[in-house]
Amino acid sequence: MKIGIVGCAGRMGRMLVVETSKTSGCEIGGGTDLPGGAFVGKDVALIAGLEEAGIAIGDDPKALFNEVDAVIDFTAPAATMKHAELAAETGTVLVIGTTGLSADQKEGLKKAAEKTAIVFAPNMSVGVNLAFALVEKVAAILDKDTADIEIVEMHHKHKVDAPSGTALGLGEAAARGRGVALEDVAVRSRDGHTGAREDGAIGFATLRGGDVVGDHTVIFACDGERIEITHKASSREVFAKGAVRAAKWAYGKEAGLYSMQDILGL
Ligand SMILES: NC(=O)C1=CN([C@@H]2O[C@H](COP(=O)(O)OP(=O)(O)OC[C@H]3O[C@@H](n4cnc5c(N)ncnc54)[C@H](OP(=O)(O)O)[C@@H]3O)[C@@H](O)[C@H]2O)C=CC1
Ligand SMILES: O=C(O)C1=N[C@H](C(=O)O)C[C@H](O)C1
């Protein structure tokens, strides 16, 4: 199958070009950068450190969607929404890793997924998706009178959204386990005279610096003991592998909004 990578010059974009090229049954069908972007016209494989493929990076996503069987999108929320519209219009499979989408934007994805198969996941690694399942289970066992849930994440200094999509996903898993809505209990930051912690709150703390690929810890703090579930990504390859796997899985599936949990059978 032919896979297109939108935002192919980004940190994840380049990794996705490499992963697609080395996955059996997959080939690079093209890539895009922003119109006027520095990489438009350059070879999609060459900028990812591979041998030249003879495919120039374009700036017209519609042409790409018409050319390929699936598109992988790790870009930015506004761009992702345009790509979702194009996927719906052309019936192309779309795999979305972009984080930081608003609630309205997530609703927009549901609408687009009425027309084509879309996989949307804040983290494509097997380990994090397993952590989602573990966190839900632990949160269901340790009620709000037994454990305080805090989620700590650290990422590289270039990351633009906070808390990370994965941290919010872990929060949602914990809230699901507790049978509550995350938006009702989330405390996304603390500063100043905050007062004592509310029972049942799910707290978030965000750290940024250096080249950290992605660290997440969910802490269940009880009286006299603490359980911590930690995931540390040491390479972006795990996300790229998951995304290409998702594209292969979704190809030929009926329209719908899918998650990595569907793909991994968790
Ligand atoms: N789900 C997962 O497993 C993971 C998700 N992510 C998420 O993926 C996203 C990207 O991360 P990362 O690769 O580090 O970020 P980068 O900024 O390195 O890459 C994003 C790329 O998309 C480009 N871009 C933006 N808008 C458009 C557009 N309209 N058309 C084409 N290209 C566009 C950017 O171009 P320019 O630089 O010119 O703006 C940039 O090259 C983030 O939301 C991040 O949180 C990251 C890792 C794993
Ligand atoms: O921006 C990143 O780099 C990452 N973003 C995702 C997120 O927001 O959770 C996934 C991963 O942790 C890397």
# chains A, B, ... in the order shown; residues from 1 in each chain; ligands from 1
call {"tool": "closest_atom_pairs", "arguments": {"of": "chain A", "to": "ligand 1", "cutoff": "8 Å", "atoms": "only C-alpha atoms and all ligand atoms", "output": "CSV"}}
result
residue,atom,partner,partner_atom_place_in_ligand_line,distance
A:Val6,CA,ligand 1,31 (C),5.1
A:Gly7,CA,ligand 1,32 (N),3.3
A:Cys8,CA,ligand 1,41 (O),6.3
A:Ala9,CA,ligand 1,41 (O),4.6
A:Gly10,CA,ligand 1,41 (O),3.4
A:Arg11,CA,ligand 1,18 (O),3.8
A:Met12,CA,ligand 1,13 (O),3.7
A:Gly13,CA,ligand 1,13 (O),5.8
A:Thr32,CA,ligand 1,31 (C),5.1
A:Asp33,CA,ligand 1,31 (C),3.9
A:Leu34,CA,ligand 1,30 (N),4.3
A:Pro35,CA,ligand 1,30 (N),7.4
A:Gly37,CA,ligand 1,38 (O),5.6
A:Ala38,CA,ligand 1,38 (O),7.4
A:Asp59,CA,ligand 1,31 (C),7.0
A:Pro61,CA,ligand 1,30 (N),7.1
A:Asp73,CA,ligand 1,8 (O),7.7
A:Phe74,CA,ligand 1,8 (O),4.0
A:Thr75,CA,ligand 1,22 (O),3.7
A:Ala76,CA,ligand 1,43 (O),5.3
A:Pro77,CA,ligand 1,43 (O),7.1
A:Ala78,CA,ligand 1,29 (N),7.3
A:Ala79,CA,ligand 1,29 (N),4.2
A:Thr80,CA,ligand 1,29 (N),7.4
A:Lys82,CA,ligand 1,29 (N),7.8
A:Ile96,CA,ligand 1,1 (N),7.0
A:Gly97,CA,ligand 1,1 (N),3.4
A:Thr98,CA,ligand 1,43 (O),3.7
A:Thr99,CA,ligand 1,43 (O),4.0
A:Gly100,CA,ligand 1,43 (O),6.2
A:Phe120,CA,ligand 1,1 (N),7.8
A:Ala121,CA,ligand 1,1 (N),5.3
A:Pro122,CA,ligand 1,1 (N),3.9
A:Asn123,CA,ligand 1,3 (O),3.2
A:Met124,CA,ligand 1,3 (O),3.9
A:Ser125,CA,ligand 1,3 (O),6.2
A:His158,CA,ligand 1,14 (O),7.4
A:Lys159,CA,ligand 1,14 (O),6.6
A:Val160,CA,ligand 1,45 (O),7.6
A:Asp161,CA,ligand 1,45 (O),6.9
A:Ser164,CA,ligand 1,45 (O),6.7
A:Gly165,CA,ligand 1,45 (O),6.6
A:Thr166,CA,ligand 1,1 (N),7.8
A:Arg236,CA,ligand 1,47 (C),6.6
A:Val238,CA,ligand 1,3 (O),7.9
A:Phe239,CA,ligand 1,3 (O),4.5
A:Ala240,CA,ligand 1,3 (O),7.3
A:Gly242,CA,ligand 1,3 (O),7.5
A:Ala243,CA,ligand 1,3 (O),7.4
call {"tool": "write_last_selection", "arguments": {"atoms": "N, CA and C atoms", "output": "CSV table (one decimal), in the first residue's frame"}}
result
chain,number,residue,atom,x,y,z
A,6,VAL,N,2.0,13.5,5.8
A,6,VAL,CA,1.9,15.0,5.8
A,6,VAL,C,2.8,15.5,6.9
A,7,GLY,N,3.4,16.7,6.7
A,7,GLY,CA,4.4,17.2,7.7
A,7,GLY,C,5.6,16.3,7.7
A,8,CYS,N,6.0,15.8,6.5
A,8,CYS,CA,7.1,14.8,6.5
A,8,CYS,C,8.5,15.3,6.9
A,9,ALA,N,8.6,16.6,7.1
A,9,ALA,CA,9.9,17.2,7.5
A,9,ALA,C,10.1,17.3,9.0
A,10,GLY,N,9.0,17.0,9.7
A,10,GLY,CA,9.0,17.2,11.1
A,10,GLY,C,9.8,16.1,11.8
A,11,ARG,N,9.9,16.2,13.2
A,11,ARG,CA,10.6,15.1,13.9
A,11,ARG,C,10.0,13.8,13.7
A,12,MET,N,8.7,13.7,13.8
A,12,MET,CA,8.0,12.4,13.6
A,12,MET,C,7.8,12.1,12.1
A,13,GLY,N,7.6,13.2,11.3
A,13,GLY,CA,7.5,13.0,9.9
A,13,GLY,C,8.6,12.2,9.3
A,32,THR,N,4.1,16.0,2.4
A,32,THR,CA,3.9,17.4,2.3
A,32,THR,C,4.6,18.2,3.4
A,33,ASP,N,4.8,19.4,3.1
A,33,ASP,CA,5.2,20.4,4.0
A,33,ASP,C,4.3,21.6,3.8
A,34,LEU,N,4.4,22.6,4.7
A,34,LEU,CA,3.6,23.8,4.6
A,34,LEU,C,3.9,24.5,3.3
A,35,PRO,N,2.9,25.1,2.6
A,35,PRO,CA,3.2,25.9,1.4
A,35,PRO,C,4.3,27.0,1.8
A,37,GLY,N,7.2,26.3,2.8
A,37,GLY,CA,8.1,25.7,3.7
A,37,GLY,C,9.4,25.4,3.1
A,38,ALA,N,10.4,25.3,3.9
A,38,ALA,CA,11.8,25.1,3.4
A,38,ALA,C,12.0,23.8,2.7
A,59,ASP,N,3.2,20.7,-1.5
A,59,ASP,CA,2.5,21.5,-0.6
A,59,ASP,C,1.0,21.5,-0.8
A,61,PRO,N,-2.0,19.1,0.0
A,61,PRO,CA,-2.4,17.9,0.6
A,61,PRO,C,-3.5,17.1,-0.2
A,73,ASP,N,-0.5,11.4,9.8
A,73,ASP,CA,-0.5,12.9,10.2
A,73,ASP,C,0.0,13.1,11.6
A,74,PHE,N,1.2,13.6,11.7
A,74,PHE,CA,1.7,14.0,13.0
A,74,PHE,C,2.1,15.5,12.8
A,75,THR,N,1.1,16.4,12.8
A,75,THR,CA,1.4,17.8,12.5
A,75,THR,C,1.0,18.7,13.6
A,76,ALA,N,-0.1,19.4,13.4
A,76,ALA,CA,-0.6,20.4,14.4
A,76,ALA,C,-2.1,20.4,14.3
A,77,PRO,N,-2.9,20.7,15.3
A,77,PRO,CA,-4.3,20.6,15.3
A,77,PRO,C,-5.1,21.2,14.1
A,78,ALA,N,-4.8,22.4,13.7
A,78,ALA,CA,-5.5,23.0,12.6
A,78,ALA,C,-5.2,22.3,11.3
A,79,ALA,N,-4.0,21.9,11.1
A,79,ALA,CA,-3.6,21.1,9.9
A,79,ALA,C,-4.4,19.8,9.9
A,80,THR,N,-4.4,19.1,11.0
A,80,THR,CA,-5.0,17.8,11.1
A,80,THR,C,-6.5,17.9,10.8
A,82,LYS,N,-7.9,19.9,8.7
A,82,LYS,CA,-8.0,20.0,7.2
A,82,LYS,C,-7.8,18.6,6.6
A,96,ILE,N,-3.9,9.5,12.7
A,96,ILE,CA,-3.6,10.8,13.4
A,96,ILE,C,-2.9,10.6,14.7
A,97,GLY,N,-1.7,11.2,14.8
A,97,GLY,CA,-0.9,11.2,16.1
A,97,GLY,C,-0.9,12.6,16.7
A,98,THR,N,-1.3,13.5,16.0
A,98,THR,CA,-1.3,14.9,16.5
A,98,THR,C,-2.0,15.1,17.8
A,99,THR,N,-1.4,15.8,18.8
A,99,THR,CA,-2.0,16.0,20.1
A,99,THR,C,-2.4,17.5,20.2
A,100,GLY,N,-3.1,17.8,21.3
A,100,GLY,CA,-3.5,19.2,21.6
A,100,GLY,C,-4.8,19.6,20.9
A,120,PHE,N,-7.0,7.5,15.6
A,120,PHE,CA,-6.6,8.7,16.3
A,120,PHE,C,-6.1,8.2,17.7
A,121,ALA,N,-4.8,8.5,18.0
A,121,ALA,CA,-4.3,8.0,19.3
A,121,ALA,C,-3.2,9.0,19.7
A,122,PRO,N,-3.3,9.4,21.0
A,122,PRO,CA,-2.3,10.4,21.5
A,122,PRO,C,-0.9,9.7,21.6
A,123,ASN,N,-0.9,8.4,21.6
A,123,ASN,CA,0.4,7.7,21.7
A,123,ASN,C,0.3,6.4,21.0
A,124,MET,N,1.2,6.1,20.0
A,124,MET,CA,1.1,4.9,19.2
A,124,MET,C,2.0,3.8,19.7
A,125,SER,N,2.6,3.9,20.9
A,125,SER,CA,3.5,2.9,21.3
A,125,SER,C,2.7,1.8,22.0
A,158,HIS,N,11.0,21.4,22.7
A,158,HIS,CA,10.2,22.0,21.5
A,158,HIS,C,8.7,21.7,21.6
A,159,LYS,N,8.3,20.9,22.5
A,159,LYS,CA,6.9,20.5,22.5
A,159,LYS,C,6.0,21.7,22.8
A,160,VAL,N,4.9,21.8,22.1
A,160,VAL,CA,4.1,23.0,22.2
A,160,VAL,C,2.8,22.9,22.9
A,161,ASP,N,2.4,21.6,23.2
A,161,ASP,CA,1.1,21.4,24.0
A,161,ASP,C,1.3,20.8,25.3
A,164,SER,N,0.7,16.7,27.9
A,164,SER,CA,0.8,15.9,26.7
A,164,SER,C,-0.5,15.2,26.4
A,165,GLY,N,-0.7,14.8,25.2
A,165,GLY,CA,-1.9,14.0,24.8
A,165,GLY,C,-1.9,12.7,25.6
A,166,THR,N,-0.7,12.1,25.8
A,166,THR,CA,-0.6,10.9,26.5
A,166,THR,C,-1.0,11.0,28.0
A,236,ARG,N,11.7,7.7,19.1
A,236,ARG,CA,10.4,8.0,18.4
A,236,ARG,C,10.0,6.8,17.5
A,238,VAL,N,9.2,3.9,18.2
A,238,VAL,CA,8.1,3.2,18.7
A,238,VAL,C,6.7,3.8,18.3
A,239,PHE,N,6.7,5.1,18.2
A,239,PHE,CA,5.5,5.8,17.7
A,239,PHE,C,5.3,5.6,16.2
A,240,ALA,N,6.4,5.7,15.5
A,240,ALA,CA,6.3,5.5,14.0
A,240,ALA,C,5.9,4.0,13.7
A,242,GLY,N,4.1,2.1,15.5
A,242,GLY,CA,2.7,1.9,15.8
A,242,GLY,C,1.8,2.6,14.7
A,243,ALA,N,2.2,3.7,14.2
A,243,ALA,CA,1.4,4.5,13.2
A,243,ALA,C,1.4,3.7,11.9
call {"tool": "select_by_dssp", "arguments": {"residues": "range 46-146 of chain A", "states": "strand (DSSP E)", "output": "ChimeraX atom specification"}}
result
/A:70-73,93-96,117-120
call {"tool": "residues_around", "arguments": {"residues": "Gly203 in chain A", "least_positions_apart": "5", "cutoff": "7 Å", "atoms": "only C-alpha atoms", "output": "PDB file with N, CA and C atoms, in the first residue's frame"}}
result
ATOM      1  N   ILE A 149      -4.572  10.384  42.707  1.00  0.00           N
ATOM      2  CA  ILE A 149      -3.921  10.130  41.415  1.00  0.00           C
ATOM      3  C   ILE A 149      -3.270  11.415  40.899  1.00  0.00           C
ATOM      4  N   GLU A 150      -1.965  11.322  40.614  1.00  0.00           N
ATOM      5  CA  GLU A 150      -1.200  12.435  40.038  1.00  0.00           C
ATOM      6  C   GLU A 150      -0.455  11.918  38.810  1.00  0.00           C
ATOM      7  N   ILE A 151      -0.425  12.714  37.765  1.00  0.00           N
ATOM      8  CA  ILE A 151       0.230  12.297  36.517  1.00  0.00           C
ATOM      9  C   ILE A 151       1.344  13.291  36.182  1.00  0.00           C
ATOM     10  N   ALA A 186     -10.180  16.974  36.782  1.00  0.00           N
ATOM     11  CA  ALA A 186      -8.785  17.284  36.411  1.00  0.00           C
ATOM     12  C   ALA A 186      -8.305  18.577  37.054  1.00  0.00           C
ATOM     13  N   VAL A 187      -7.081  18.562  37.567  1.00  0.00           N
ATOM     14  CA  VAL A 187      -6.394  19.779  38.021  1.00  0.00           C
ATOM     15  C   VAL A 187      -5.140  19.851  37.158  1.00  0.00           C
ATOM     16  N   ARG A 188      -5.167  20.727  36.155  1.00  0.00           N
ATOM     17  CA  ARG A 188      -4.120  20.682  35.116  1.00  0.00           C
ATOM     18  C   ARG A 188      -2.860  21.429  35.493  1.00  0.00           C
TER      19      ARG A 188
END
call {"tool": "closest_residue", "arguments": {"among": "A:Ile219, A:Leu207, A:Val126, A:Val185", "to": "Ala233 in chain A", "atoms": "only C-alpha atoms"}}
result
A:Val126
call {"tool": "select_by_dssp", "arguments": {"residues": "range 3-212 of chain A", "states": "helix (DSSP H, G or I)", "output": "number ranges by chain"}}
result
A: 11-22, 46-48, 61-67, 77-90, 103-112, 126-141, 165-178, 182-185
call {"tool": "write_last_selection", "arguments": {"atoms": "C-alpha atoms", "output": "short mmCIF file (atom, residue, chain, number, x, y, z; two decimals), in the first residue's frame"}}
result
data_model
loop_
_atom_site.label_atom_id
_atom_site.label_comp_id
_atom_site.auth_asym_id
_atom_site.auth_seq_id
_atom_site.Cartn_x
_atom_site.Cartn_y
_atom_site.Cartn_z
CA ARG A 11 10.62 15.12 13.93
CA MET A 12 7.96 12.41 13.58
CA GLY A 13 7.48 12.99 9.85
CA ARG A 14 11.04 11.93 9.04
CA MET A 15 10.80 8.91 11.32
CA LEU A 16 7.55 7.91 9.58
CA VAL A 17 9.17 8.10 6.15
CA VAL A 18 11.91 5.73 7.34
CA GLU A 19 9.47 3.33 9.03
CA THR A 20 7.14 3.23 6.02
CA SER A 21 10.06 2.54 3.68
CA LYS A 22 11.24 -0.44 5.70
CA LEU A 46 16.64 12.14 1.18
CA ILE A 47 15.62 14.51 3.97
CA ALA A 48 14.84 11.48 6.15
CA PRO A 61 -2.42 17.88 0.62
CA LYS A 62 -5.41 17.22 -1.67
CA ALA A 63 -3.11 15.92 -4.40
CA LEU A 64 -1.45 13.64 -1.84
CA PHE A 65 -4.78 12.26 -0.57
CA ASN A 66 -5.77 11.50 -4.17
CA GLU A 67 -2.49 9.66 -4.77
CA PRO A 77 -4.33 20.57 15.31
CA ALA A 78 -5.50 23.05 12.61
CA ALA A 79 -3.64 21.13 9.89
CA THR A 80 -5.01 17.83 11.15
CA MET A 81 -8.58 19.09 10.88
CA LYS A 82 -8.02 20.01 7.22
CA HIS A 83 -6.48 16.60 6.60
CA ALA A 84 -9.48 14.89 8.24
CA GLU A 85 -11.82 16.75 5.84
CA LEU A 86 -9.71 15.61 2.89
CA ALA A 87 -9.71 12.02 4.16
CA ALA A 88 -13.52 12.10 4.34
CA GLU A 89 -13.78 13.68 0.89
CA THR A 90 -11.44 11.18 -0.80
CA ALA A 103 -13.03 19.06 22.30
CA ASP A 104 -14.66 20.63 19.22
CA GLN A 105 -11.86 19.40 16.99
CA LYS A 106 -12.26 15.89 18.39
CA GLU A 107 -15.98 16.09 17.52
CA GLY A 108 -14.94 17.10 13.99
CA LEU A 109 -12.86 13.91 13.71
CA LYS A 110 -15.93 11.84 14.64
CA LYS A 111 -17.82 13.48 11.77
CA ALA A 112 -15.01 12.82 9.27
CA VAL A 126 2.52 -0.58 22.56
CA GLY A 127 3.88 0.21 26.04
CA VAL A 128 1.79 3.33 26.59
CA ASN A 129 -1.36 1.62 25.35
CA LEU A 130 -0.73 -1.17 27.81
CA ALA A 131 -0.25 1.48 30.51
CA PHE A 132 -3.68 2.94 29.62
CA ALA A 133 -5.24 -0.45 30.35
CA LEU A 134 -3.25 -0.93 33.59
CA VAL A 135 -4.09 2.54 34.87
CA GLU A 136 -7.82 2.02 34.26
CA LYS A 137 -7.68 -1.24 36.20
CA VAL A 138 -5.74 0.16 39.18
CA ALA A 139 -7.97 3.25 39.35
CA ALA A 140 -11.04 1.00 39.46
CA ILE A 141 -9.59 -0.90 42.45
CA GLY A 165 -1.89 14.01 24.83
CA THR A 166 -0.63 10.86 26.52
CA ALA A 167 -0.89 12.39 30.01
CA LEU A 168 -4.49 13.39 29.25
CA GLY A 169 -5.12 9.89 27.86
CA LEU A 170 -3.77 8.38 31.10
CA GLY A 171 -6.03 10.78 33.02
CA GLU A 172 -9.00 9.64 30.95
CA ALA A 173 -8.13 6.00 31.63
CA ALA A 174 -7.96 6.70 35.38
CA ALA A 175 -11.24 8.64 35.28
CA ARG A 176 -12.90 5.78 33.36
CA GLY A 177 -11.70 3.36 36.03
CA ARG A 178 -13.27 5.57 38.68
CA LEU A 182 -11.93 13.68 33.54
CA GLU A 183 -13.08 17.27 32.93
CA ASP A 184 -14.94 17.20 36.28
CA VAL A 185 -11.90 16.15 38.33
#
call {"tool": "closest_residue", "arguments": {"among": "A:Glu153, A:Asp191, A:Asp223, A:Glu114", "to": "ligand 2", "atoms": "only C-alpha atoms and all ligand atoms"}}
result
A:Glu153
call {"tool": "closest_residue", "arguments": {"among": "A:Arg226, A:Ala205, A:His156, A:His193", "to": "ligand 2", "atoms": "only C-alpha atoms and all ligand atoms"}}
result
A:His156
call {"tool": "closest_residue", "arguments": {"among": "A:Ala221, A:Ala246, A:Ala255, A:Val213", "to": "ligand 2", "atoms": "only C-alpha atoms and all ligand atoms"}}
result
A:Val213
call {"tool": "closest_residue", "arguments": {"among": "A:Met154, A:Leu50, A:Leu142, A:Ile263", "to": "ligand 2", "atoms": "only C-alpha atoms and all ligand atoms"}}
result
A:Met154
call {"tool": "residues_around", "arguments": {"residues": "Val71 in chain A", "least_positions_apart": "2", "cutoff": "6 Å", "atoms": "only C-alpha atoms", "output": "ChimeraX atom specification"}}
result
/A:3-5,94
call {"tool": "closest_residue", "arguments": {"among": "A:Thr217, A:His155, A:Glu198, A:Thr230", "to": "ligand 2", "atoms": "only C-alpha atoms and all ligand atoms"}}
result
A:His155
call {"tool": "residues_around", "arguments": {"residues": "Glu254 in chain A", "least_positions_apart": "6", "cutoff": "9 Å", "atoms": "only C-alpha atoms", "output": "PDB file with C-alpha atoms, in the first residue's frame"}}
result
ATOM      1  CA  LYS A 115     -16.923   8.612   5.755  1.00  0.00           C
ATOM      2  CA  THR A 116     -13.607   6.779   6.137  1.00  0.00           C
ATOM      3  CA  ALA A 117     -11.465   4.819   8.597  1.00  0.00           C
TER       4      ALA A 117
END
